[in-house]
>>> print(open('coords.txt').read())   # compact mmCIF, C-alpha atoms
# COMPACT_ATOMS: atom_id res chain seq x y z
CA MET A 164 -9.53 -3.88 -14.93
CA GLY A 165 -10.75 -1.78 -17.77
CA GLY A 166 -7.81 0.03 -19.31
CA ALA A 167 -6.90 3.68 -19.15
CA ALA A 168 -10.36 4.73 -18.05
CA VAL A 169 -9.67 3.26 -14.61
CA ARG A 170 -8.05 6.16 -12.77
CA PHE A 171 -7.29 6.73 -9.12
CA GLY A 172 -6.69 10.46 -9.62
CA GLN A 173 -5.06 13.00 -11.81
CA HIS A 174 -1.48 14.02 -11.13
CA ALA A 175 -1.53 17.57 -9.75
CA GLY A 176 2.01 18.84 -9.65
CA GLY A 177 5.42 17.61 -8.65
CA HIS A 178 7.03 14.68 -10.40
CA PRO A 179 5.10 11.53 -11.24
CA GLY A 180 6.21 8.64 -9.06
CA ARG A 181 7.81 10.85 -6.41
CA TYR A 182 6.28 10.82 -2.96
CA PRO A 183 7.66 13.30 -0.43
CA ARG A 184 8.23 11.74 2.98
CA GLY A 185 6.36 13.12 5.94
CA ALA A 186 3.93 15.21 3.91
CA GLY A 187 0.33 15.42 5.02
CA ALA A 188 -2.47 13.75 3.11
CA SER A 189 -4.25 17.03 2.42
CA GLY A 190 -1.71 18.48 0.00
CA GLY A 191 -3.57 17.58 -3.19
CA GLY A 192 -2.07 15.43 -5.90
CA SER A 193 -3.14 12.02 -7.08
CA LEU A 194 -4.69 9.41 -4.83
CA GLY A 195 -1.43 7.45 -5.14
CA GLU A 196 0.51 10.38 -3.76
CA ARG A 197 -2.00 10.95 -0.96
CA LEU A 198 -2.06 7.24 0.00
CA SER A 199 1.73 7.21 -0.02
CA GLN A 200 1.75 10.26 2.24
CA VAL A 201 -0.74 8.66 4.63
CA PHE A 202 1.54 5.63 5.00
CA GLN A 203 4.78 7.64 5.13
CA GLN A 204 3.64 10.03 7.84
CA ARG A 205 3.49 6.99 10.15
CA THR A 206 7.29 6.52 10.06
CA ALA A 207 10.49 8.52 9.86
CA PRO A 208 12.49 8.32 6.62
CA PRO A 209 15.39 5.86 6.52
CA PRO A 210 18.88 7.39 6.17
CA ASP A 211 19.83 8.24 2.59
CA ALA A 212 16.32 7.53 1.31
CA ALA A 213 15.70 8.37 -2.30
CA PRO A 214 12.23 9.19 -3.60
CA SER A 215 10.27 6.32 -5.04
CA GLY A 216 10.86 6.05 -8.74
CA SER A 217 9.47 3.62 -11.23
CA GLY A 218 6.51 1.40 -11.24
CA GLU A 219 6.68 0.77 -14.99
CA GLY A 220 5.25 -2.53 -16.05
CA ALA A 221 3.50 -3.34 -12.79
CA PHE A 222 0.02 -2.32 -14.01
CA PRO A 223 0.54 -1.11 -17.59
CA GLU A 224 -3.02 0.16 -18.09
CA LEU A 225 -2.66 2.74 -15.31
CA ALA A 226 -0.55 5.88 -15.00
CA MET A 227 2.47 5.59 -12.67
CA GLU A 228 0.82 7.31 -9.69
CA ASP A 229 -2.29 5.18 -10.17
CA GLN A 230 -0.18 2.01 -10.23
CA HIS A 231 1.32 3.09 -6.94
CA ALA A 232 -2.08 3.71 -5.34
CA LEU A 233 -3.40 0.38 -6.56
CA LEU A 234 -0.30 -1.41 -5.25
CA LEU A 235 -0.78 0.10 -1.78
CA ILE A 236 -4.47 -0.81 -1.75
CA ARG A 237 -3.62 -4.34 -2.89
CA ALA A 238 -1.02 -4.59 -0.11
CA MET A 239 -3.62 -3.68 2.48
CA ILE A 240 -6.09 -6.18 1.05
CA ALA A 241 -3.52 -9.00 0.86
CA ALA A 242 -2.57 -8.37 4.50
CA ALA A 243 -6.20 -8.30 5.57
CA ASN A 244 -6.65 -11.63 3.79
CA ALA A 245 -3.59 -13.21 5.47
CA ASP A 246 -5.75 -15.52 7.58
CA GLY A 247 -7.94 -16.49 4.62
CA GLU A 248 -10.76 -14.02 5.19
CA ILE A 249 -11.25 -10.28 5.28
CA SER A 250 -13.12 -9.36 8.45
CA PRO A 251 -15.48 -6.38 8.63
CA ALA A 252 -12.89 -4.54 10.79
CA GLU A 253 -10.16 -5.18 8.20
CA ARG A 254 -12.46 -4.05 5.39
CA GLN A 255 -13.14 -0.87 7.37
CA ARG A 256 -9.39 -0.20 7.80
CA VAL A 257 -8.90 -0.43 4.03
CA MET A 258 -11.85 1.86 3.32
CA SER A 259 -10.74 4.32 6.03
CA ALA A 260 -7.31 4.63 4.41
CA LEU A 261 -9.02 5.32 1.10
CA ASP A 262 -11.25 7.94 2.72
CA GLU A 263 -8.28 9.55 4.49
CA ALA A 264 -6.52 9.83 1.13
CA GLY A 265 -9.57 11.50 -0.42
CA GLY A 266 -10.88 8.65 -2.56
CA GLY A 267 -14.17 9.21 -4.33
CA PRO A 268 -16.97 6.93 -5.57
CA GLU A 269 -14.95 5.50 -8.49
CA GLU A 270 -12.03 4.67 -6.21
CA ARG A 271 -14.43 3.03 -3.73
CA ARG A 272 -15.84 0.89 -6.53
CA ILE A 273 -12.35 -0.22 -7.57
CA VAL A 274 -11.38 -1.00 -3.98
CA GLU A 275 -14.57 -3.02 -3.46
CA GLN A 276 -13.69 -5.00 -6.59
CA GLU A 277 -10.15 -5.58 -5.27
CA LEU A 278 -11.55 -6.69 -1.89
CA SER A 279 -13.59 -9.36 -3.64
CA GLN A 280 -10.51 -10.67 -5.49
CA PRO A 281 -7.39 -10.31 -3.29
CA GLN A 282 -4.05 -10.52 -5.09
CA SER A 283 -1.56 -13.22 -4.15
CA LEU A 284 1.52 -12.33 -2.15
CA ASP A 285 3.72 -13.40 -5.08
CA THR A 286 1.94 -10.99 -7.42
CA LEU A 287 2.22 -8.21 -4.86
CA VAL A 288 5.95 -8.76 -4.24
CA ARG A 289 6.72 -8.88 -7.98
CA SER A 290 5.19 -5.40 -8.31
CA VAL A 291 7.61 -3.82 -5.81
CA THR A 292 10.50 -2.19 -7.64
CA ASP A 293 12.65 -0.52 -4.97
CA PRO A 294 13.32 -0.41 -1.20
CA ASP A 295 11.21 2.72 -0.62
CA MET A 296 8.23 1.11 -2.31
CA ALA A 297 8.85 -2.06 -0.27
CA GLU A 298 8.57 -0.05 2.96
CA GLN A 299 5.39 1.64 1.75
CA VAL A 300 3.86 -1.76 0.92
CA TYR A 301 4.86 -3.02 4.37
CA LEU A 302 3.35 0.05 6.07
CA ALA A 303 0.15 -0.30 4.07
CA SER A 304 -0.02 -3.93 5.19
CA LEU A 305 0.53 -2.92 8.82
CA MET A 306 -2.42 -0.54 8.63
CA ALA A 307 -4.75 -3.29 7.45
CA VAL A 308 -4.15 -5.98 10.06
CA ASP A 309 -4.75 -6.60 13.72
CA ARG A 310 -1.27 -7.39 15.02
CA ASP A 311 -2.78 -9.17 18.03
CA HIS A 312 -3.49 -12.19 15.82
CA GLU A 313 -0.68 -14.70 15.33
CA ALA A 314 -1.50 -15.41 11.66
CA GLU A 315 -1.26 -11.72 10.81
CA ARG A 316 2.01 -11.23 12.71
CA ALA A 317 3.42 -14.25 10.86
CA TYR A 318 2.25 -12.75 7.57
CA LEU A 319 4.00 -9.44 8.34
CA THR A 320 7.24 -11.25 9.19
CA TYR A 321 7.03 -13.24 5.97
CA LEU A 322 6.14 -10.12 3.98
CA ALA A 323 9.14 -8.22 5.36
CA THR A 324 11.39 -11.12 4.37
CA ARG A 325 9.92 -11.31 0.87
CA LEU A 326 10.29 -7.53 0.47
CA LYS A 327 13.92 -7.74 1.67
CA ILE A 328 13.29 -5.43 4.62
CA ALA A 329 15.88 -6.02 7.33
CA PRO A 330 14.41 -7.29 10.63
CA GLN A 331 15.63 -4.18 12.47
CA ARG A 332 13.99 -1.89 9.92
CA ALA A 333 10.77 -3.92 10.02
CA GLU A 334 10.71 -3.47 13.80
CA GLN A 335 11.21 0.30 13.38
CA LEU A 336 8.29 0.38 10.95
CA ASN A 337 6.16 -1.72 13.32
CA GLN A 338 6.82 0.70 16.17
CA ALA A 339 6.21 3.78 14.03
CA ALA A 340 2.89 2.55 12.63
>>> encode(input="coords.txt", output="structure tokens")
Amino acid sequence: MGGAAVRFGQHAGGHPGRYPRGAGASGGGSLGERLSQVFQQRTAPPPDAAPSGSGEGAFPELAMEDQHALLLIRAMIAAANADGEISPAERQRVMSALDEAGGGPEERRIVEQELSQPQSLDTLVRSVTDPDMAEQVYLASLMAVDRDHEAERAYLTYLATRLKIAPQRAEQLNQAA
């Protein structure tokens, strides 16, 4: 990626790195915030949930909210690639999430680049810094796959384990998505 010029959106109010649960995707803000809201509106908040905080160090060339957006996009792409290929339907799910979050031409270009070079699961998991972010990554992954395929269900189970999401909570997220 090309440094600070690669932006997913400008922060438009609120606190950087904080993503209100249950908010709609049309409330403005950065693409990271809007993507986070798209994923969060698919589930109820866990008890005693704290807002997502840091993403420092994960993608140092991007602002915090941009790091978050890129992490969620990468989660979707890694899940879509769980069986070794990204199908046209999986590609469409990723692009639909981007469209729903209000992504523009530059964001589409970045996502197309990410689709051509999916991140490894290890890289993805290392970028997750807290339980709230882990759930958002899991939800983003759920949105990208067809849960009727065994390989993708196995990937989701493995992902939940790697993200330290309890089996009961993973099932709640599965049902809510």
>>> residues_near_point(input="coords.txt", point="(6.9, -9.1, -0.3)", cutoff="8 Å", atoms="only C-alpha atoms", output="count of residues only")
15
>>> atom_distance(input="coords.txt", atom1="atom CA of A:Asp262", atom2="atom CA of A:Val300")
18.0 Å
>>> closest_residue(input="coords.txt", among="A:Pro268, A:Thr292, A:Met258, A:Ala243", to="A:Leu305", atoms="all atoms listed in the file")
A:Ala243
>>> closest_residue(input="coords.txt", among="A:Ala252, A:Ala333, A:Gly247, A:Gln282", to="A:Gln299", atoms="all atoms listed in the file")
A:Ala333
>>> atom_distance(input="coords.txt", atom1="atom CA of A:Met306", atom2="atom CA of A:Gly267")
20.0 Å
>>> atom_distance(input="coords.txt", atom1="atom CA of A:Pro294", atom2="atom CA of A:Ile328")
7.7 Å
>>> residues_around(input="coords.txt", residues="A:Glu248", least_positions_apart="3", cutoff="12 Å", atoms="all atoms listed in the file", output="PyMOL selection string")
chain A and resi 240-245+251-254+278-281+308+314-315
>>> residues_near_point(input="coords.txt", point="(-16.9, 5.4, -5.5)", cutoff="12 Å", atoms="all atoms listed in the file", output="number ranges by chain")
A: 169-171, 258, 261-262, 265-276
>>> write_last_selection(input="coords.txt", atoms="C-alpha atoms", output="PDB file, keeping the file's coordinate frame")
ATOM      1  CA  VAL A 169      -9.670   3.260 -14.610  1.00  0.00           C
ATOM      2  CA  ARG A 170      -8.050   6.160 -12.770  1.00  0.00           C
ATOM      3  CA  PHE A 171      -7.290   6.730  -9.120  1.00  0.00           C
ATOM      4  CA  MET A 258     -11.850   1.860   3.320  1.00  0.00           C
ATOM      5  CA  LEU A 261      -9.020   5.320   1.100  1.00  0.00           C
ATOM      6  CA  ASP A 262     -11.250   7.940   2.720  1.00  0.00           C
ATOM      7  CA  GLY A 265      -9.570  11.500  -0.420  1.00  0.00           C
ATOM      8  CA  GLY A 266     -10.880   8.650  -2.560  1.00  0.00           C
ATOM      9  CA  GLY A 267     -14.170   9.210  -4.330  1.00  0.00           C
ATOM     10  CA  PRO A 268     -16.970   6.930  -5.570  1.00  0.00           C
ATOM     11  CA  GLU A 269     -14.950   5.500  -8.490  1.00  0.00           C
ATOM     12  CA  GLU A 270     -12.030   4.670  -6.210  1.00  0.00           C
ATOM     13  CA  ARG A 271     -14.430   3.030  -3.730  1.00  0.00           C
ATOM     14  CA  ARG A 272     -15.840   0.890  -6.530  1.00  0.00           C
ATOM     15  CA  ILE A 273     -12.350  -0.220  -7.570  1.00  0.00           C
ATOM     16  CA  VAL A 274     -11.380  -1.000  -3.980  1.00  0.00           C
ATOM     17  CA  GLU A 275     -14.570  -3.020  -3.460  1.00  0.00           C
ATOM     18  CA  GLN A 276     -13.690  -5.000  -6.590  1.00  0.00           C
TER      19      GLN A 276
END
>>> closest_residue(input="coords.txt", among="A:Arg316, A:Ser290, A:Glu263, A:Ser304", to="A:Met239", atoms="only C-alpha atoms")
A:Ser304
